[in-house]
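Asks: Below is the structure I would like to discuss, written out as structure tokens.
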Amino acid sequence: MVHPGAGWHWLCLTWGNSKAVLVILCASLSQHRRFDYRPKADPYCQARYTFCPTGSAIPVMKEEDVIEVYRLQAPVWEFKYGDLLGHLKIMHDAVGFKSSLTGKNYTMEWYELFQLGNCTFPHLRPGMDAPFWCNQGAACFYEGIDDAHWKANGTLVLVTTISGTMFNEMAQWVKYDNETGIYYETWTVQASPDKRSTVWFDSYECSKFILRTYQKLADLGAVFKKIQTNYTSIILFSGEPIYLGNETSIFGPGGNKTLAAAIRDFYNPFKPHQSVREFIVDLFKIIDHVILNHQFYLFYNLEYWFLPMKSPYLKIIYEEVPLPVGRKASFGV
């Protein structure tokens, strides 16, 4: 990936004659960036469905408590469309906890503050040169597990047990993770469908939060059951991405007006649609950009990249990611 302004990319170019070094250094480019704080949401950004409406603080558990941990998975928007998206294996993931001392159970998940569309594509607002992003994701913790929701078309299964001490340590980690990992990223970008293919960019969404949570529990000593666990990924297929710049360098006073216009033109068909006719017209524009002209503009870690798209362009996969193995003294099933 060509990015003349970043140290890691410069090392990739300079040391490109060593394949091992190239792979190790360039791998860091696909990682989601951590931030020092969570910015305030702009009032322009409004959610159709309120984020975490019944959310509560994570309780402090007694050290001697034994807490069951549940894998939760259901089709995206199951509350509205039932199992419709489940047929496409577009699934949402969460984790459940049940205290043996109190009998109370809890749900924890991570999702978009302003719905998926706003996190995936920007708004083109009148009088603003740069695309305007309503993109944040965050953790939501609340009392109760909606058994009917998770069981009807998805999964509710015990995966491990942990102590109260481990739960409290996990809660501290969740606070850090939530304050520093703030932007939702829908797409995984790969070089090809091959499982060993180069991953140019990794997604950052609900399933990744659950995988990080499981790994944290394993690091604290949890032992997981040997069951198959699958997750959804939405993958774009691209040749080597080309770094374009950030908002200031592209859309600012000294920016590249031609590039700025091309990015705005690309994002325009993805706007919310008011009629069937408008949707069909914009769908043909999207096909023209992505498939016929092999173009996709990706906004990742507050930077714009050009993706030279290639067949099969986009794929939704539902594949296994094994439960983790711990590194400390074991506790659990």
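Residues in the structure tokens are numbered from 1 in each chain, the chains being A, B, ... in the order shown, and ligands are numbered from 1 in the order shown.
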Based on the backbone DSSP call, show me all residues of range 60-212 of chain A assigned helix (DSSP H, G or I), as a CSV table (one decimal) with C-alpha atoms, in the first residue's frame.

Replies:
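Result file is states.csv:
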```
chain,number,residue,atom,x,y,z
A,78,GLU,CA,-34.3,-9.6,13.9
A,79,PHE,CA,-36.6,-7.5,16.0
A,80,LYS,CA,-38.0,-6.0,12.7
A,81,TYR,CA,-37.5,-8.5,10.0
A,85,LEU,CA,-31.2,-11.6,7.1
A,86,GLY,CA,-30.5,-14.9,8.9
A,87,HIS,CA,-31.0,-16.6,5.5
A,88,LEU,CA,-28.1,-14.6,4.2
A,115,GLN,CA,-27.3,2.6,12.5
A,116,LEU,CA,-25.3,0.7,10.0
A,117,GLY,CA,-25.9,2.9,7.0
A,118,ASN,CA,-24.5,6.0,8.7
A,119,CYS,CA,-21.4,4.1,9.8
A,120,THR,CA,-20.8,2.8,6.3
A,147,ASP,CA,-34.1,-15.5,25.6
A,148,ALA,CA,-36.8,-15.4,22.9
A,149,HIS,CA,-34.8,-13.0,20.7
A,150,TRP,CA,-31.6,-15.0,20.8
A,151,LYS,CA,-33.1,-18.5,20.7
A,152,ALA,CA,-35.8,-18.0,18.0
A,153,ASN,CA,-33.5,-17.6,15.0
A,164,GLY,CA,-16.3,-12.6,40.0
A,165,THR,CA,-12.7,-11.4,40.1
A,166,MET,CA,-12.3,-12.2,36.4
A,167,PHE,CA,-15.6,-10.5,35.5
A,168,ASN,CA,-14.4,-7.3,37.3
A,169,GLU,CA,-11.1,-7.3,35.5
A,170,MET,CA,-13.0,-7.8,32.2
A,171,ALA,CA,-15.2,-4.8,33.1
A,172,GLN,CA,-12.1,-2.6,33.5
A,173,TRP,CA,-10.9,-3.7,30.1
A,174,VAL,CA,-14.3,-3.0,28.5
A,175,LYS,CA,-14.1,0.6,29.8
A,176,TYR,CA,-10.7,1.0,28.1
A,177,ASP,CA,-11.8,-0.7,24.9
A,178,ASN,CA,-14.9,1.4,24.6
A,179,GLU,CA,-13.2,4.7,25.2
A,180,THR,CA,-10.4,4.1,22.6
A,206,CYS,CA,-20.0,-6.3,16.8
A,207,SER,CA,-18.3,-9.7,16.2
A,208,LYS,CA,-14.8,-8.2,16.6
A,209,PHE,CA,-15.8,-6.9,20.0
A,210,ILE,CA,-17.1,-10.3,21.1
A,211,LEU,CA,-13.9,-11.9,19.9
A,212,ARG,CA,-11.8,-9.4,21.8
```

Asks: Skipping near chain neighbours, those fewer than 5 positions away, what residues fall within 12 Å of range 299-301 of chain A using only C-alpha atoms, listed as a VMD selection string?

Replies: chain A and resid 29 to 35 119 to 122 130 to 133 135 to 136 181 to 189 200 to 204 241 to 247 263 267 306 to 307

Asks: Quick one: pull the distance between CA of Leu259 in chain A and CA of Ile286 in chain A, Å, one decimal.

Replies: 17.8 Å

Asks: Please provide the set of residues having any atom within 7 Å of Val76 in chain A, restricted to only C-alpha atoms, with same-chain residues fewer than 4 positions apart removed, written as a list of chain:residue names.

Replies: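 So the residues in contact are A:Leu85, A:Ile90, A:Met91, A:His92.
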
Asks: Could you list, as a list of chain:residue names, every residue within 6 Å of Tyr70 in chain A, counting only C-alpha atoms and ignoring same-chain residues fewer than 5 positions away?

Replies: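 Close residues of Tyr70 in chain A: A:Val95, A:Gly96, A:Val157, A:Leu158, A:Val159.
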
Asks: Output N, CA, C and O atoms of each residue in that selection to a file, as a JSON list (two decimals), in the first residue's frame.

Replies:
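So part.json came out as:
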```json
[["chain", "number", "residue", "atom", "x", "y", "z"],
["A", 95, "VAL", "N", -22.73, -11.06, 24.05],
["A", 95, "VAL", "CA", -22.31, -12.01, 25.08],
["A", 95, "VAL", "C", -23.20, -11.83, 26.30],
["A", 95, "VAL", "O", -23.59, -10.71, 26.64],
["A", 96, "GLY", "N", -23.57, -12.95, 26.94],
["A", 96, "GLY", "CA", -24.43, -12.90, 28.10],
["A", 96, "GLY", "C", -23.72, -13.41, 29.34],
["A", 96, "GLY", "O", -22.79, -14.22, 29.25],
["A", 157, "VAL", "N", -25.95, -20.11, 23.95],
["A", 157, "VAL", "CA", -25.28, -21.31, 24.42],
["A", 157, "VAL", "C", -24.17, -20.95, 25.40],
["A", 157, "VAL", "O", -23.46, -19.97, 25.22],
["A", 158, "LEU", "N", -24.04, -21.75, 26.45],
["A", 158, "LEU", "CA", -22.99, -21.57, 27.45],
["A", 158, "LEU", "C", -21.64, -21.87, 26.83],
["A", 158, "LEU", "O", -21.46, -22.92, 26.20],
["A", 159, "VAL", "N", -20.67, -20.96, 27.00],
["A", 159, "VAL", "CA", -19.34, -21.19, 26.44],
["A", 159, "VAL", "C", -18.26, -21.32, 27.51],
["A", 159, "VAL", "O", -17.24, -21.96, 27.29]]
```

Asks: May I ask which of the residues A:Lys315, A:Lys62, A:Arg71, A:Arg48 is the closest one to Lys225 in chain A, counting only C-alpha atoms?

Replies: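 With only C-alpha atoms as the atom set, the closest residue is A:Arg71.
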
Asks: What residues in range 62-198 of chain A get the DSSP label strand (DSSP E)? Please answer as a ChimeraX atom specification.

Replies: /A:66-75,91-99,105-112,137-143,155-163,187-190

Asks: Extract, using only C-alpha atoms, all DNA, RNA and protein residues at most 7 Å from range 269-275 of chain A, discarding same-chain residues fewer than 3 positions from it, and format them as a PyMOL selection string.

Replies: chain A and resi 121+123+266+278-279+282+285-286

Asks: By how many Å are CA of Tyr297 in chain A and CA of Ala262 in chain A apart?

Replies: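 Computing the Euclidean distance for CA of Tyr297 in chain A and CA of Ala262 in chain A yields 9.1 Å.
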
Asks: Could you state the separation of CA of Pro126 in chain A and CA of Gly254 in chain A in Å, given to one decimal place?

Replies: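 Pair CA of Pro126 in chain A / CA of Gly254 in chain A returns 20.2 Å.
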
Asks: Give me, as a PDB file with all heavy atoms, in the first residue's frame, all polymer residues having an atom no more than 9 Å from Asn293 in chain A, counting only C-alpha atoms and skipping those fewer than 6 positions away in the same chain.

Replies:
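Written out: part22.pdb:
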```pdb
ATOM      1  N   ILE A 287     -23.129   0.161  -9.562  1.00  0.00           N
ATOM      2  CA  ILE A 287     -22.584  -0.921 -10.393  1.00  0.00           C
ATOM      3  C   ILE A 287     -21.539  -0.374 -11.358  1.00  0.00           C
ATOM      4  O   ILE A 287     -20.481  -0.996 -11.583  1.00  0.00           O
ATOM      5  CB  ILE A 287     -23.725  -1.626 -11.156  1.00  0.00           C
ATOM      6  CG1 ILE A 287     -24.620  -2.385 -10.168  1.00  0.00           C
ATOM      7  CG2 ILE A 287     -23.177  -2.566 -12.223  1.00  0.00           C
ATOM      8  CD1 ILE A 287     -25.899  -2.937 -10.776  1.00  0.00           C
ATOM      9  N   PRO A 308      -8.724  -0.466  -5.928  1.00  0.00           N
ATOM     10  CA  PRO A 308      -8.943  -0.957  -7.293  1.00  0.00           C
ATOM     11  C   PRO A 308      -9.673  -2.307  -7.225  1.00  0.00           C
ATOM     12  O   PRO A 308      -9.062  -3.354  -7.058  1.00  0.00           O
ATOM     13  CB  PRO A 308      -7.521  -1.096  -7.852  1.00  0.00           C
ATOM     14  CG  PRO A 308      -6.651  -1.274  -6.641  1.00  0.00           C
ATOM     15  CD  PRO A 308      -7.320  -0.596  -5.493  1.00  0.00           C
ATOM     16  N   MET A 309     -10.976  -2.257  -7.338  1.00  0.00           N
ATOM     17  CA  MET A 309     -11.810  -3.425  -7.109  1.00  0.00           C
ATOM     18  C   MET A 309     -11.596  -4.518  -8.159  1.00  0.00           C
ATOM     19  O   MET A 309     -11.277  -4.233  -9.319  1.00  0.00           O
ATOM     20  CB  MET A 309     -13.277  -3.017  -7.089  1.00  0.00           C
ATOM     21  CG  MET A 309     -13.619  -2.037  -5.986  1.00  0.00           C
ATOM     22  SD  MET A 309     -13.457  -2.769  -4.345  1.00  0.00           S
ATOM     23  CE  MET A 309     -14.885  -3.847  -4.336  1.00  0.00           C
TER      24      MET A 309
END
```
